[in-house]
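Asker: Contents are PDB, C-alpha atoms; file name coords39.pdb:
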ATOM      1  CA  MET A   1     -14.921  -9.075  14.102  1.00  0.00           C
ATOM      2  CA  LYS A   2     -12.394  -7.991  16.719  1.00  0.00           C
ATOM      3  CA  TRP A   3     -11.196 -11.581  17.196  1.00  0.00           C
ATOM      4  CA  ILE A   4     -10.785 -11.994  13.445  1.00  0.00           C
ATOM      5  CA  TYR A   5      -8.639  -8.855  13.395  1.00  0.00           C
ATOM      6  CA  LEU A   6      -6.559 -10.213  16.264  1.00  0.00           C
ATOM      7  CA  ALA A   7      -6.070 -13.641  14.662  1.00  0.00           C
ATOM      8  CA  GLY A   8      -5.310 -12.045  11.297  1.00  0.00           C
ATOM      9  CA  PHE A   9      -2.743  -9.701  12.784  1.00  0.00           C
ATOM     10  CA  ILE A  10      -1.013 -12.504  14.677  1.00  0.00           C
ATOM     11  CA  ALA A  11      -0.974 -14.719  11.554  1.00  0.00           C
ATOM     12  CA  CYS A  12       0.483 -12.002   9.312  1.00  0.00           C
ATOM     13  CA  ILE A  13       3.741 -11.917  11.259  1.00  0.00           C
ATOM     14  CA  PRO A  14       4.841 -15.562  10.815  1.00  0.00           C
ATOM     15  CA  ILE A  15       3.496 -15.582   7.243  1.00  0.00           C
ATOM     16  CA  ALA A  16       5.683 -12.574   6.417  1.00  0.00           C
ATOM     17  CA  ASN A  17       8.691 -14.129   8.088  1.00  0.00           C
ATOM     18  CA  TRP A  18       8.197 -17.397   6.211  1.00  0.00           C
ATOM     19  CA  LEU A  19       7.889 -15.515   2.918  1.00  0.00           C
ATOM     20  CA  ILE A  20      11.133 -13.616   3.543  1.00  0.00           C
ATOM     21  CA  GLY A  21      13.115 -16.839   3.678  1.00  0.00           C
ATOM     22  CA  ASN A  22      11.211 -18.940   1.149  1.00  0.00           C
ATOM     23  CA  ALA A  23       9.491 -16.997  -1.633  1.00  0.00           C
ATOM     24  CA  GLY A  24      10.664 -14.375  -4.056  1.00  0.00           C
ATOM     25  CA  THR A  25      11.946 -13.730  -7.515  1.00  0.00           C
ATOM     26  CA  ARG A  26      15.503 -13.552  -6.159  1.00  0.00           C
ATOM     27  CA  CYS A  27      16.874 -14.938  -2.878  1.00  0.00           C
ATOM     28  CA  ILE A  28      20.073 -13.518  -1.451  1.00  0.00           C
ATOM     29  CA  PRO A  29      22.336 -16.041   0.341  1.00  0.00           C
ATOM     30  CA  ASP A  30      22.074 -15.381   4.107  1.00  0.00           C
ATOM     31  CA  GLY A  31      19.592 -12.626   3.286  1.00  0.00           C
ATOM     32  CA  PRO A  32      16.005 -12.150   2.264  1.00  0.00           C
ATOM     33  CA  CYS A  33      14.095 -13.368  -0.762  1.00  0.00           C
ATOM     34  CA  LEU A  34      13.089 -10.316  -2.791  1.00  0.00           C
ATOM     35  CA  ILE A  35      10.156  -9.303  -4.972  1.00  0.00           C
ATOM     36  CA  PRO A  36       9.747  -6.332  -7.314  1.00  0.00           C
ATOM     37  CA  VAL A  37       7.517  -3.617  -5.837  1.00  0.00           C
ATOM     38  CA  GLY A  38       7.600  -1.061  -8.617  1.00  0.00           C
ATOM     39  CA  PHE A  39       9.716   1.822  -9.849  1.00  0.00           C
ATOM     40  CA  GLY A  40      12.690  -0.554 -10.197  1.00  0.00           C
ATOM     41  CA  PHE A  41      12.814  -1.347  -6.461  1.00  0.00           C
ATOM     42  CA  MET A  42      12.944  -4.730  -4.755  1.00  0.00           C
ATOM     43  CA  ALA A  43      11.817  -5.588  -1.227  1.00  0.00           C
ATOM     44  CA  PRO A  44      11.874  -8.629   1.034  1.00  0.00           C
ATOM     45  CA  SER A  45       8.857 -10.726   0.045  1.00  0.00           C
ATOM     46  CA  GLY A  46       7.208 -10.494   3.455  1.00  0.00           C
ATOM     47  CA  VAL A  47       6.451  -6.851   2.710  1.00  0.00           C
ATOM     48  CA  LEU A  48       2.980  -7.590   1.364  1.00  0.00           C
ATOM     49  CA  ALA A  49       1.894  -9.537   4.447  1.00  0.00           C
ATOM     50  CA  ILE A  50       3.309  -6.818   6.681  1.00  0.00           C
ATOM     51  CA  GLY A  51       1.297  -4.204   4.790  1.00  0.00           C
ATOM     52  CA  LEU A  52      -1.805  -6.157   5.805  1.00  0.00           C
ATOM     53  CA  ALA A  53      -0.458  -6.532   9.339  1.00  0.00           C
ATOM     54  CA  LEU A  54      -0.039  -2.774   9.722  1.00  0.00           C
ATOM     55  CA  VAL A  55      -3.725  -2.213   8.984  1.00  0.00           C
ATOM     56  CA  MET A  56      -4.795  -5.166  11.125  1.00  0.00           C
ATOM     57  CA  ARG A  57      -2.737  -3.753  13.998  1.00  0.00           C
ATOM     58  CA  ASP A  58      -4.829  -0.586  13.927  1.00  0.00           C
ATOM     59  CA  MET A  59      -8.017  -2.634  13.772  1.00  0.00           C
ATOM     60  CA  VAL A  60      -6.889  -4.573  16.856  1.00  0.00           C
ATOM     61  CA  GLN A  61      -5.987  -1.363  18.658  1.00  0.00           C
ATOM     62  CA  GLN A  62      -9.364   0.152  17.738  1.00  0.00           C
ATOM     63  CA  SER A  63     -11.450  -2.860  18.771  1.00  0.00           C
ATOM     64  CA  LEU A  64      -9.479  -4.394  21.656  1.00  0.00           C
ATOM     65  CA  GLY A  65      -6.963  -1.784  22.792  1.00  0.00           C
ATOM     66  CA  LEU A  66      -3.224  -1.180  22.712  1.00  0.00           C
ATOM     67  CA  LYS A  67      -2.357  -3.967  25.158  1.00  0.00           C
ATOM     68  CA  TRP A  68      -3.951  -6.537  22.862  1.00  0.00           C
ATOM     69  CA  ALA A  69      -2.017  -5.148  19.890  1.00  0.00           C
ATOM     70  CA  LEU A  70       1.245  -5.417  21.801  1.00  0.00           C
ATOM     71  CA  GLY A  71       0.384  -8.950  22.937  1.00  0.00           C
ATOM     72  CA  ALA A  72      -0.382  -9.896  19.343  1.00  0.00           C
ATOM     73  CA  VAL A  73       3.080  -8.737  18.269  1.00  0.00           C
ATOM     74  CA  VAL A  74       4.664 -10.985  20.901  1.00  0.00           C
ATOM     75  CA  ALA A  75       2.447 -13.925  19.875  1.00  0.00           C
ATOM     76  CA  GLY A  76       3.179 -13.414  16.171  1.00  0.00           C
ATOM     77  CA  ALA A  77       6.922 -13.190  16.793  1.00  0.00           C
ATOM     78  CA  ALA A  78       6.799 -16.351  18.928  1.00  0.00           C
ATOM     79  CA  LEU A  79       4.918 -18.224  16.181  1.00  0.00           C
ATOM     80  CA  SER A  80       7.488 -16.983  13.674  1.00  0.00           C
ATOM     81  CA  GLY A  81      10.074 -19.060  15.510  1.00  0.00           C
ATOM     82  CA  PHE A  82       8.383 -22.162  14.057  1.00  0.00           C
ATOM     83  CA  VAL A  83       8.682 -21.027  10.427  1.00  0.00           C
ATOM     84  CA  ALA A  84      11.730 -18.750  10.334  1.00  0.00           C
ATOM     85  CA  PRO A  85      15.153 -18.518  11.969  1.00  0.00           C
ATOM     86  CA  ALA A  86      15.012 -17.262  15.558  1.00  0.00           C
ATOM     87  CA  ALA A  87      17.050 -14.152  14.705  1.00  0.00           C
ATOM     88  CA  LEU A  88      14.539 -13.183  12.001  1.00  0.00           C
ATOM     89  CA  ALA A  89      11.573 -13.771  14.327  1.00  0.00           C
ATOM     90  CA  LEU A  90      13.224 -11.652  17.021  1.00  0.00           C
ATOM     91  CA  ALA A  91      14.065  -8.862  14.556  1.00  0.00           C
ATOM     92  CA  SER A  92      10.478  -8.876  13.325  1.00  0.00           C
ATOM     93  CA  GLY A  93       9.041  -8.716  16.838  1.00  0.00           C
ATOM     94  CA  LEU A  94      11.371  -5.919  17.903  1.00  0.00           C
ATOM     95  CA  ALA A  95      10.679  -3.918  14.752  1.00  0.00           C
ATOM     96  CA  PHE A  96       6.928  -4.246  15.295  1.00  0.00           C
ATOM     97  CA  LEU A  97       7.206  -3.142  18.917  1.00  0.00           C
ATOM     98  CA  ILE A  98       9.302  -0.131  17.931  1.00  0.00           C
ATOM     99  CA  SER A  99       6.953   0.822  15.108  1.00  0.00           C
ATOM    100  CA  GLU A 100       3.917   0.417  17.390  1.00  0.00           C
ATOM    101  CA  ALA A 101       4.915   3.630  19.169  1.00  0.00           C
ATOM    102  CA  ALA A 102       5.035   5.591  15.891  1.00  0.00           C
ATOM    103  CA  ASP A 103       1.817   4.015  14.654  1.00  0.00           C
ATOM    104  CA  THR A 104      -0.023   4.824  17.886  1.00  0.00           C
ATOM    105  CA  ALA A 105       1.261   8.405  17.920  1.00  0.00           C
ATOM    106  CA  VAL A 106      -0.299   8.941  14.488  1.00  0.00           C
ATOM    107  CA  TYR A 107      -3.393   6.707  14.640  1.00  0.00           C
ATOM    108  CA  THR A 108      -4.833   7.830  17.980  1.00  0.00           C
ATOM    109  CA  PRO A 109      -5.139  11.582  17.282  1.00  0.00           C
ATOM    110  CA  LEU A 110      -6.105  11.106  13.609  1.00  0.00           C
ATOM    111  CA  ARG A 111      -8.863   8.610  14.440  1.00  0.00           C
ATOM    112  CA  LYS A 112     -11.033  11.538  15.540  1.00  0.00           C
ATOM    113  CA  ARG A 113     -10.612  13.132  12.083  1.00  0.00           C
ATOM    114  CA  GLY A 114     -11.515  10.029  10.116  1.00  0.00           C
ATOM    115  CA  PHE A 115     -11.051   6.292  10.211  1.00  0.00           C
ATOM    116  CA  VAL A 116      -9.573   5.889   6.710  1.00  0.00           C
ATOM    117  CA  LEU A 117      -7.196   8.827   7.158  1.00  0.00           C
ATOM    118  CA  ALA A 118      -5.980   7.377  10.461  1.00  0.00           C
ATOM    119  CA  LEU A 119      -5.486   3.898   8.975  1.00  0.00           C
ATOM    120  CA  VAL A 120      -3.539   5.092   5.954  1.00  0.00           C
ATOM    121  CA  ALA A 121      -1.372   7.674   7.713  1.00  0.00           C
ATOM    122  CA  SER A 122      -0.502   5.533  10.728  1.00  0.00           C
ATOM    123  CA  SER A 123       0.165   2.456   8.616  1.00  0.00           C
ATOM    124  CA  ILE A 124       2.526   4.363   6.347  1.00  0.00           C
ATOM    125  CA  VAL A 125       4.380   5.991   9.251  1.00  0.00           C
ATOM    126  CA  GLY A 126       4.468   2.697  11.158  1.00  0.00           C
ATOM    127  CA  GLY A 127       5.622   0.944   7.995  1.00  0.00           C
ATOM    128  CA  ILE A 128       8.551   3.287   7.515  1.00  0.00           C
ATOM    129  CA  VAL A 129       9.684   2.853  11.118  1.00  0.00           C
ATOM    130  CA  ASP A 130       9.094  -0.921  10.963  1.00  0.00           C
ATOM    131  CA  SER A 131      11.048  -1.190   7.699  1.00  0.00           C
ATOM    132  CA  ALA A 132      14.079   0.681   8.966  1.00  0.00           C
ATOM    133  CA  ALA A 133      14.129  -1.154  12.298  1.00  0.00           C
ATOM    134  CA  PHE A 134      13.575  -4.589  10.752  1.00  0.00           C
ATOM    135  CA  LEU A 135      16.163  -4.246   7.987  1.00  0.00           C
ATOM    136  CA  TYR A 136      18.786  -2.928  10.379  1.00  0.00           C
ATOM    137  CA  ILE A 137      18.130  -5.496  13.131  1.00  0.00           C
ATOM    138  CA  ALA A 138      17.691  -8.489  10.796  1.00  0.00           C
ATOM    139  CA  PHE A 139      20.302  -7.767   8.129  1.00  0.00           C
ATOM    140  CA  GLY A 140      22.462  -4.918   9.460  1.00  0.00           C
ATOM    141  CA  SER A 141      21.639  -2.869   6.385  1.00  0.00           C
ATOM    142  CA  LEU A 142      19.052  -0.460   5.038  1.00  0.00           C
ATOM    143  CA  ASP A 143      19.680  -1.566   1.435  1.00  0.00           C
ATOM    144  CA  HIS A 144      16.042  -2.371   0.683  1.00  0.00           C
ATOM    145  CA  LEU A 145      14.414   0.437   2.686  1.00  0.00           C
ATOM    146  CA  ALA A 146      12.895   2.231  -0.313  1.00  0.00           C
ATOM    147  CA  GLY A 147      11.482  -1.042  -1.644  1.00  0.00           C
ATOM    148  CA  GLN A 148      10.072  -1.924   1.759  1.00  0.00           C
ATOM    149  CA  VAL A 149       8.322   1.439   2.044  1.00  0.00           C
ATOM    150  CA  ILE A 150       6.926   1.230  -1.495  1.00  0.00           C
ATOM    151  CA  GLY A 151       5.741  -2.365  -1.066  1.00  0.00           C
ATOM    152  CA  LYS A 152       4.106  -1.707   2.290  1.00  0.00           C
ATOM    153  CA  THR A 153       2.446   1.431   0.971  1.00  0.00           C
ATOM    154  CA  TRP A 154       0.939  -0.526  -1.963  1.00  0.00           C
ATOM    155  CA  ALA A 155      -0.279  -3.217   0.433  1.00  0.00           C
ATOM    156  CA  VAL A 156      -1.716  -0.704   2.919  1.00  0.00           C
ATOM    157  CA  LEU A 157      -3.575   1.172   0.178  1.00  0.00           C
ATOM    158  CA  ALA A 158      -4.998  -2.087  -1.218  1.00  0.00           C
ATOM    159  CA  VAL A 159      -6.127  -3.344   2.194  1.00  0.00           C
ATOM    160  CA  VAL A 160      -7.632  -0.002   3.251  1.00  0.00           C
ATOM    161  CA  THR A 161      -9.483   0.197  -0.072  1.00  0.00           C
ATOM    162  CA  LEU A 162     -10.927  -3.293   0.496  1.00  0.00           C
ATOM    163  CA  PHE A 163     -11.889  -2.474   4.104  1.00  0.00           C
ATOM    164  CA  TYR A 164     -13.501   0.782   3.006  1.00  0.00           C
ATOM    165  CA  ALA A 165     -15.455  -0.923   0.201  1.00  0.00           C
ATOM    166  CA  ALA A 166     -16.625  -3.684   2.550  1.00  0.00           C
ATOM    167  CA  ARG A 167     -17.723  -1.108   5.101  1.00  0.00           C
ATOM    168  CA  ARG A 168     -19.688   0.828   2.444  1.00  0.00           C
ATOM    169  CA  VAL A 169     -21.441  -2.369   1.323  1.00  0.00           C
ATOM    170  CA  GLN A 170     -22.229  -3.261   4.930  1.00  0.00           C
ATOM    171  CA  ASP A 171     -23.592   0.238   5.611  1.00  0.00           C
ATOM    172  CA  LYS A 172     -25.700   0.114   2.436  1.00  0.00           C
ATOM    173  CA  HIS A 173     -27.269  -3.219   3.453  1.00  0.00           C
ATOM    174  CA  ALA A 174     -27.929  -1.952   6.986  1.00  0.00           C
ATOM    175  CA  ILE A 175     -30.335   0.693   5.685  1.00  0.00           C
TER     176      ILE A 175
END
Produce structure tokens that represent the structure in this file.

Answerer:
Amino acid sequence: MKWIYLAGFIACIPIANWLIGNAGTRCIPDGPCLIPVGFGFMAPSGVLAIGLALVMRDMVQQSLGLKWALGAVVAGAALSGFVAPAALALASGLAFLISEAADTAVYTPLRKRGFVLALVASSIVGGIVDSAAFLYIAFGSLDHLAGQVIGKTWAVLAVVTLFYAARRVQDKHAI
């Protein structure tokens, strides 16, 4: 499973960067394509893939270690250069590296108190840091910060719920 987590995490980054420039209900000239995320807020469309990436990052850190997670960020950003403008790929990679520190600071100590708690809390904290860093580096603005945070939180909660349900089914069949 650890290699699936790694491949999934790497793939999420270029997918998100492609979405930002190509899919949304409204595309801003020289800016991101946006989607509604609830409560009247809009966010760059890559937000949903990044919500998955935040959880996958913790799974990579848990199964392979922090160095692998950092390497995956670099690989994902490099692959993004094939599907998105170089500036966007660079902004994405830098934002992920910056948010990795916040994510690790939350995930590592909370992991001892519970896997689901650690995943949710670290992904939300990492998502906030990632959102602010990415929006500022990529677009020079924090205009869609609230939407980014809301969208990533929805995605994180959905992914963690699916992981938790799959784990419960697996544990039930192991008996």

Asker: Which residue is closest to Ser99 in chain A? Choose from A:Tyr5, A:Trp68, A:Phe115, A:Phe134 and count all atoms listed in the file.

Answerer: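 Closest to Ser99 in chain A of all the choices is A:Phe134.
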
Asker: Run through the PyMOL selection byres ((chain A and resi 30-47) around 6) on the given coordinates and return the selected residues as a ChimeraX atom specification.

Answerer: /A:16,19-21,23-29,48-50,144,147-148,151-152

Asker: Give me a file of those residues, with C-alpha atoms, as a JSON list (two decimals), keeping the file's coordinate frame.

Answerer:
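Output file result.json follows:
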[["chain", "number", "residue", "atom", "x", "y", "z"],
["A", 16, "ALA", "CA", 5.68, -12.57, 6.42],
["A", 19, "LEU", "CA", 7.89, -15.52, 2.92],
["A", 20, "ILE", "CA", 11.13, -13.62, 3.54],
["A", 21, "GLY", "CA", 13.12, -16.84, 3.68],
["A", 23, "ALA", "CA", 9.49, -17.00, -1.63],
["A", 24, "GLY", "CA", 10.66, -14.38, -4.06],
["A", 25, "THR", "CA", 11.95, -13.73, -7.52],
["A", 26, "ARG", "CA", 15.50, -13.55, -6.16],
["A", 27, "CYS", "CA", 16.87, -14.94, -2.88],
["A", 28, "ILE", "CA", 20.07, -13.52, -1.45],
["A", 29, "PRO", "CA", 22.34, -16.04, 0.34],
["A", 48, "LEU", "CA", 2.98, -7.59, 1.36],
["A", 49, "ALA", "CA", 1.89, -9.54, 4.45],
["A", 50, "ILE", "CA", 3.31, -6.82, 6.68],
["A", 144, "HIS", "CA", 16.04, -2.37, 0.68],
["A", 147, "GLY", "CA", 11.48, -1.04, -1.64],
["A", 148, "GLN", "CA", 10.07, -1.92, 1.76],
["A", 151, "GLY", "CA", 5.74, -2.37, -1.07],
["A", 152, "LYS", "CA", 4.11, -1.71, 2.29]]

Asker: Which is closer to Ile137 in chain A than all the others in A:Ala91, A:Ile150, A:Ala155, A:Ala166, using only C-alpha atoms?

Answerer: A:Ala91

Asker: Do a neighbour search on range 156-161 of chain A at 7 Å with all atoms listed in the file, toss out local chain neighbours closer than 4 positions, and write the hits as a list in words.

Answerer: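 So the residues in contact are Gly51, Leu52, Val55, Val120, Ser123, Lys152 and Ala165 of chain A.
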
Asker: Take the residues that were just selected and, keeping C-alpha atoms, output them as a tab-separated table (two decimals), in the coordinates of the input.

Answerer:
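Okay, out-v1.tsv is ready:
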chain	number	residue	atom	x	y	z
A	51	GLY	CA	1.30	-4.20	4.79
A	52	LEU	CA	-1.80	-6.16	5.80
A	55	VAL	CA	-3.72	-2.21	8.98
A	120	VAL	CA	-3.54	5.09	5.95
A	123	SER	CA	0.16	2.46	8.62
A	152	LYS	CA	4.11	-1.71	2.29
A	165	ALA	CA	-15.46	-0.92	0.20

Asker: List the residues matched by the PyMOL selection byres ((chain A and resi 13) around 9) in the displayed structure as a PyMOL selection string, ordered by chain and then by residue number.

Answerer: chain A and resi 9-12+14-18+46+49-50+53+73+75-77+79-80+89+92-93

Asker: Compile the contact shell of Leu70 in chain A as JSON, numbers by chain: residues with an atom at most 9 Å away, counting only C-alpha atoms, same-chain residues fewer than 3 positions apart removed.

Answerer: {"A": [57, 61, 66, 67, 73, 74, 75, 96, 97, 100]}

Asker: Looking at all atoms listed in the file, which of A:Leu88, A:Tyr136, A:Ala69, A:Asp58 is the one that sits closest to Tyr107 in chain A?

Answerer: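 The shortest atom-to-atom distance to Tyr107 in chain A comes from A:Asp58.
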
Asker: Rank nothing, just name the residue among A:Ala101, A:Val129, A:Ala118, A:Ala87 nearest to Gln62 in chain A, using all atoms listed in the file.

Answerer: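 Residue with the minimum atom-to-atom distance to Gln62 in chain A: A:Ala118.
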
Asker: Write out as lines of an AutoDock Vina configuration file an axis-aligned box for range 155-163 of chain A: all of its atoms listed in the file, 6 Å added on each side, centre and edge lengths in Å with one decimal.

Answerer:
center_x = -6.1
center_y = -1.1
center_z = 1.4
size_x = 23.6
size_y = 16.5
size_z = 17.3

Asker: One decimal, in Å: what's the spacing between CA of Met1 in chain A and CA of Ser63 in chain A?

Answerer: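 These atoms are spaced 8.5 Å apart.
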
Asker: Select, from A:Met59, A:Leu90, A:Ile98, A:Leu119, the residue with the minimum atom-to-atom distance to Ser131 in chain A, counting only C-alpha atoms.

Answerer: A:Ile98

Asker: What separation in Å, quoted to one decimal, exists between CA of Ala78 in chain A and CA of Leu6 in chain A?

Answerer: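 Interatomic distance, CA of Ala78 in chain A to CA of Leu6 in chain A: 14.9 Å.
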